[in-house]
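Quick notes on the structure that follows.
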Amino acid sequence: MSGRRFNEGKACDAVLRHLEGREKAARENLEFPEKAGHKAAPIELTCTLNGALFAFEHTGIEPFDGQIELEADSRRGFGPIEEAVTAALRPREYIQFHVPVHALRGLKNKDIRRIQEAMISWIIATAPTLPIAPIGRQFRSEYVDLPGVPFPVALHCHDAGGYPGAAKVVHILPEEGRDEARLQRLAKACRDKFPKLNHWKRVAGARSVLILEDDDIQLTNQATVAEVVVPLALAAADRPDEIWLVITCTEPWYIVPMLVDRTSYFDLEYAALEIDPRDLVAITGR
């Protein structure tokens, strides 16, 4: 995946570490076909576990078109708010401030600066009044209209789970058409990635592994991904042997099995696997 907002190398390392534990074997013979200019099927990496070849391909999940462009606008407009609020957080506190998608579109720099000042003051004053919800739950304030801010804002607050506190913006899409957009993008990811992995399975006898990365905290979760990906995969003759979801929008990260052979997320008995991203290595260099 070309966008640097995703964590290709670390996501691959996370899944590979789990497979090493499952297979009771260390990775060997790492190769990087895409970097090496492989023509037929330029996947992220291959390696052997217990002498068996494994082939890995990664893709990031975007719930709607133009999200990468939105992230660039968001860093410019909301990045200063994240930094100022993070510096003022209580210990263990993780704050999300929710705003409509494209909230800053068309605004001039002087208007954005005024919005930043108003939001920073309100969030810093309001956050200490909110309870810190346990991990896995959130306390959300009601949406409010702030003077000088031309869109509604809400706060979510939960425990940071032993990690440093942080403040993050969350862009909220209208519900209309959201599910269809997710289905189309996941279906495209499957169409793009399944044939590449199937080449390695057919030609080299590799066990094929697709890694989906979710760094979108507001619109995507393991259940919504599984509801789309599992039926698509089970209906596809060229499906990978395994599909894993790596959730990177929280700390710690989570690794979730979507499909292992013909056993799906809905049948697997083990829950999401927790992993500290600080322990991981960007093995593909990206």
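Every chain in the structure tokens takes a letter, A first, then B, and so on in the order presented; its residues are numbered from 1, and the ligands are numbered from 1 following the presented order.
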Using only C-alpha atoms, which protein or nucleic acid residues come within 8 Å of Lys193 of chain A? Drop anything in the same chain fewer than 3 positions from it, and give the result as a PyMOL selection string.
chain A and resi 57+189-190+196-197+210
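DSSP, applied to the backbone of this structure, assigns strand (DSSP E or B) to the following residues of segment 15-69 of chain A: Glu28, Asn29, Leu30, Glu31, Leu45, Thr46, Cys47, Thr48, Leu49, Ala52, Leu53, Phe54, Ala55, Phe56, Glu57, His58, Thr59 and Gly60 of chain A.
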Would you write out those residues with all heavy atoms, as a short mmCIF file (atom, residue, chain, number, x, y, z; two decimals), in the first residue's frame?
```cif
data_model
loop_
_atom_site.label_atom_id
_atom_site.label_comp_id
_atom_site.auth_asym_id
_atom_site.auth_seq_id
_atom_site.Cartn_x
_atom_site.Cartn_y
_atom_site.Cartn_z
N GLU A 28 12.42 -17.78 8.53
CA GLU A 28 13.70 -17.93 7.82
C GLU A 28 13.50 -17.53 6.37
O GLU A 28 12.39 -17.52 5.85
CB GLU A 28 14.21 -19.37 7.90
CG GLU A 28 14.57 -19.84 9.30
CD GLU A 28 15.06 -21.28 9.33
OE1 GLU A 28 14.48 -22.12 8.59
OE2 GLU A 28 16.02 -21.55 10.06
N ASN A 29 14.62 -17.22 5.72
CA ASN A 29 14.63 -16.98 4.26
C ASN A 29 13.66 -15.87 3.84
O ASN A 29 12.91 -16.02 2.87
CB ASN A 29 14.29 -18.27 3.51
CG ASN A 29 15.21 -19.42 3.90
OD1 ASN A 29 16.42 -19.25 3.97
ND2 ASN A 29 14.63 -20.58 4.17
N LEU A 30 13.66 -14.75 4.56
CA LEU A 30 12.79 -13.64 4.19
C LEU A 30 13.21 -13.07 2.84
O LEU A 30 14.38 -12.80 2.59
CB LEU A 30 12.85 -12.53 5.25
CG LEU A 30 11.75 -12.57 6.31
CD1 LEU A 30 12.00 -13.74 7.27
CD2 LEU A 30 11.65 -11.27 7.06
N GLU A 31 12.22 -12.89 1.97
CA GLU A 31 12.42 -12.23 0.69
C GLU A 31 11.28 -11.26 0.45
O GLU A 31 10.18 -11.43 1.00
CB GLU A 31 12.52 -13.26 -0.44
CG GLU A 31 13.72 -14.18 -0.32
CD GLU A 31 13.88 -15.09 -1.53
OE1 GLU A 31 13.12 -14.92 -2.51
OE2 GLU A 31 14.76 -15.98 -1.49
N LEU A 45 6.04 -9.91 1.04
CA LEU A 45 7.16 -10.73 1.51
C LEU A 45 6.81 -12.20 1.47
O LEU A 45 5.64 -12.59 1.45
CB LEU A 45 7.57 -10.33 2.93
CG LEU A 45 6.64 -10.68 4.10
CD1 LEU A 45 7.13 -11.91 4.85
CD2 LEU A 45 6.53 -9.52 5.07
N THR A 46 7.87 -13.01 1.46
CA THR A 46 7.76 -14.46 1.62
C THR A 46 8.78 -14.88 2.67
O THR A 46 9.79 -14.20 2.88
CB THR A 46 8.02 -15.23 0.32
OG1 THR A 46 9.37 -15.00 -0.09
CG2 THR A 46 7.06 -14.80 -0.78
N CYS A 47 8.51 -16.01 3.32
CA CYS A 47 9.49 -16.59 4.24
C CYS A 47 9.12 -18.05 4.44
O CYS A 47 8.08 -18.52 3.95
CB CYS A 47 9.50 -15.85 5.59
SG CYS A 47 8.03 -16.09 6.59
N THR A 48 9.96 -18.75 5.15
CA THR A 48 9.65 -20.14 5.48
C THR A 48 9.48 -20.29 6.99
O THR A 48 10.17 -19.64 7.78
CB THR A 48 10.74 -21.10 4.99
OG1 THR A 48 12.01 -20.70 5.53
CG2 THR A 48 10.82 -21.10 3.48
N LEU A 49 8.55 -21.15 7.37
CA LEU A 49 8.34 -21.57 8.75
C LEU A 49 8.33 -23.08 8.76
O LEU A 49 7.50 -23.70 8.06
CB LEU A 49 7.01 -21.03 9.30
CG LEU A 49 6.84 -19.51 9.41
CD1 LEU A 49 5.41 -19.14 9.78
CD2 LEU A 49 7.82 -18.94 10.43
N ALA A 52 8.24 -24.66 5.38
CA ALA A 52 7.10 -24.40 4.50
C ALA A 52 7.10 -22.93 4.08
O ALA A 52 7.33 -22.04 4.90
CB ALA A 52 5.80 -24.74 5.21
N LEU A 53 6.81 -22.68 2.81
CA LEU A 53 6.82 -21.33 2.28
C LEU A 53 5.51 -20.62 2.62
O LEU A 53 4.42 -21.18 2.42
CB LEU A 53 7.01 -21.35 0.77
CG LEU A 53 7.10 -19.99 0.07
CD1 LEU A 53 8.34 -19.22 0.52
CD2 LEU A 53 7.11 -20.17 -1.45
N PHE A 54 5.60 -19.39 3.13
CA PHE A 54 4.45 -18.53 3.39
C PHE A 54 4.59 -17.28 2.54
O PHE A 54 5.69 -16.73 2.41
CB PHE A 54 4.38 -18.14 4.87
CG PHE A 54 3.81 -19.20 5.77
CD1 PHE A 54 4.52 -20.38 6.02
CD2 PHE A 54 2.58 -19.03 6.38
CE1 PHE A 54 4.01 -21.35 6.85
CE2 PHE A 54 2.06 -20.01 7.23
CZ PHE A 54 2.77 -21.17 7.47
N ALA A 55 3.47 -16.82 1.97
CA ALA A 55 3.46 -15.63 1.13
C ALA A 55 2.49 -14.61 1.74
O ALA A 55 1.34 -14.95 2.05
CB ALA A 55 3.03 -15.97 -0.29
N PHE A 56 2.94 -13.36 1.90
CA PHE A 56 2.17 -12.33 2.59
C PHE A 56 1.92 -11.13 1.68
O PHE A 56 2.82 -10.64 1.01
CB PHE A 56 2.92 -11.84 3.83
CG PHE A 56 3.15 -12.89 4.88
CD1 PHE A 56 4.24 -13.75 4.78
CD2 PHE A 56 2.29 -13.03 5.95
CE1 PHE A 56 4.47 -14.72 5.75
CE2 PHE A 56 2.51 -13.99 6.92
CZ PHE A 56 3.60 -14.85 6.82
N GLU A 57 0.69 -10.65 1.72
CA GLU A 57 0.33 -9.41 1.04
C GLU A 57 -0.47 -8.54 2.02
O GLU A 57 -1.29 -9.05 2.78
CB GLU A 57 -0.50 -9.70 -0.22
CG GLU A 57 -1.00 -8.47 -0.95
CD GLU A 57 0.08 -7.69 -1.68
OE1 GLU A 57 1.26 -7.83 -1.31
OE2 GLU A 57 -0.26 -6.93 -2.61
N HIS A 58 -0.22 -7.23 1.99
CA HIS A 58 -0.84 -6.29 2.92
C HIS A 58 -1.64 -5.26 2.14
O HIS A 58 -1.26 -4.84 1.04
CB HIS A 58 0.25 -5.59 3.73
CG HIS A 58 -0.21 -4.34 4.45
ND1 HIS A 58 -0.30 -3.10 3.82
CD2 HIS A 58 -0.59 -4.13 5.73
CE1 HIS A 58 -0.72 -2.20 4.69
NE2 HIS A 58 -0.89 -2.80 5.86
N THR A 59 -2.77 -4.83 2.72
CA THR A 59 -3.48 -3.68 2.16
C THR A 59 -4.19 -2.95 3.29
O THR A 59 -4.67 -3.57 4.25
CB THR A 59 -4.50 -4.11 1.08
OG1 THR A 59 -5.00 -2.94 0.42
CG2 THR A 59 -5.66 -4.89 1.67
N GLY A 60 -4.23 -1.63 3.19
CA GLY A 60 -4.94 -0.82 4.17
C GLY A 60 -6.39 -0.64 3.76
O GLY A 60 -6.71 -0.57 2.57
#
```
May I have all residues of segment 122-237 of chain A that DSSP, computed from the backbone, assigns to alpha helix (DSSP H), given as a ChimeraX atom specification?
/A:122-126,178-204,222-234
Of A:Ile61, A:Val85, A:Cys157, A:Lys168, the one sitting nearest Asn7 of chain A when using only C-alpha atoms is A:Ile61
Excluding Leu212 of chain A and residues on its chain fewer than 4 positions from it, collect all residues at most 12 Å away from it, counting only C-alpha atoms, and give them as a ChimeraX atom specification.
/A:1,6-8,11-12,14-15,56-62,185-186,189-190,193,216,220-222,225-226,229,242-248,254-259
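Counting only C-alpha atoms and comparing A:Met119, A:His102, A:Val209, A:Thr129, the residue that lies closest to Ile172 of chain A is A:His102.
If only C-alpha atoms are the atoms counted, then among A:His98, A:Leu19, A:Val203, A:Pro147 the closest residue to Trp122 of chain A is A:Pro147.
Comparing A:Asn198, A:Ala154, A:Asn50, A:Ala272 by their smallest distance to Glu23 of chain A, the closest is A:Asn50 (using only C-alpha atoms).
Closest approach to Val170 of chain A from the set A:Phe78, A:Phe151, A:Phe194, A:Tyr143 is made by A:Phe78, with distances taken over only C-alpha atoms.
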Could you check how far atom CA of Val169 of chain A sits from atom CA of Glu83 of chain A, in Å to one decimal?
10.8 Å
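For the pair atom CA of Gly162 of chain A and atom CA of Arg92 of chain A, the separation is 6.3 Å.
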re atom CA of Phe266 of chain A and atom CA of Pro231 of chain A: distance 11.0 Å
List the neighbours of Ile120 of chain A out to 10 Å using only C-alpha atoms; skip same-chain residues closer than 4 positions along the sequence, and give me the result as a PyMOL selection string.
chain A and resi 78+80-85+88+115-116+124-126
Which residue out of A:Trp200, A:Phe32, A:Tyr163, A:Phe97 has the minimum interatomic distance to Pro252 of chain A when only C-alpha atoms are used?
A:Tyr163
Which neighbours of Thr284 of chain A fall inside 6 Å, counting only C-alpha atoms, when residues of the same chain fewer than 2 positions from it are skipped, and could you give them as a PyMOL selection string?
chain A and resi 9+282+286
For Leu234 of chain A, work out the shell of residues within 10 Å, counting only C-alpha atoms and skipping chain neighbours fewer than 6 positions away, then give it as a PyMOL selection string.
chain A and resi 240+259+261-264
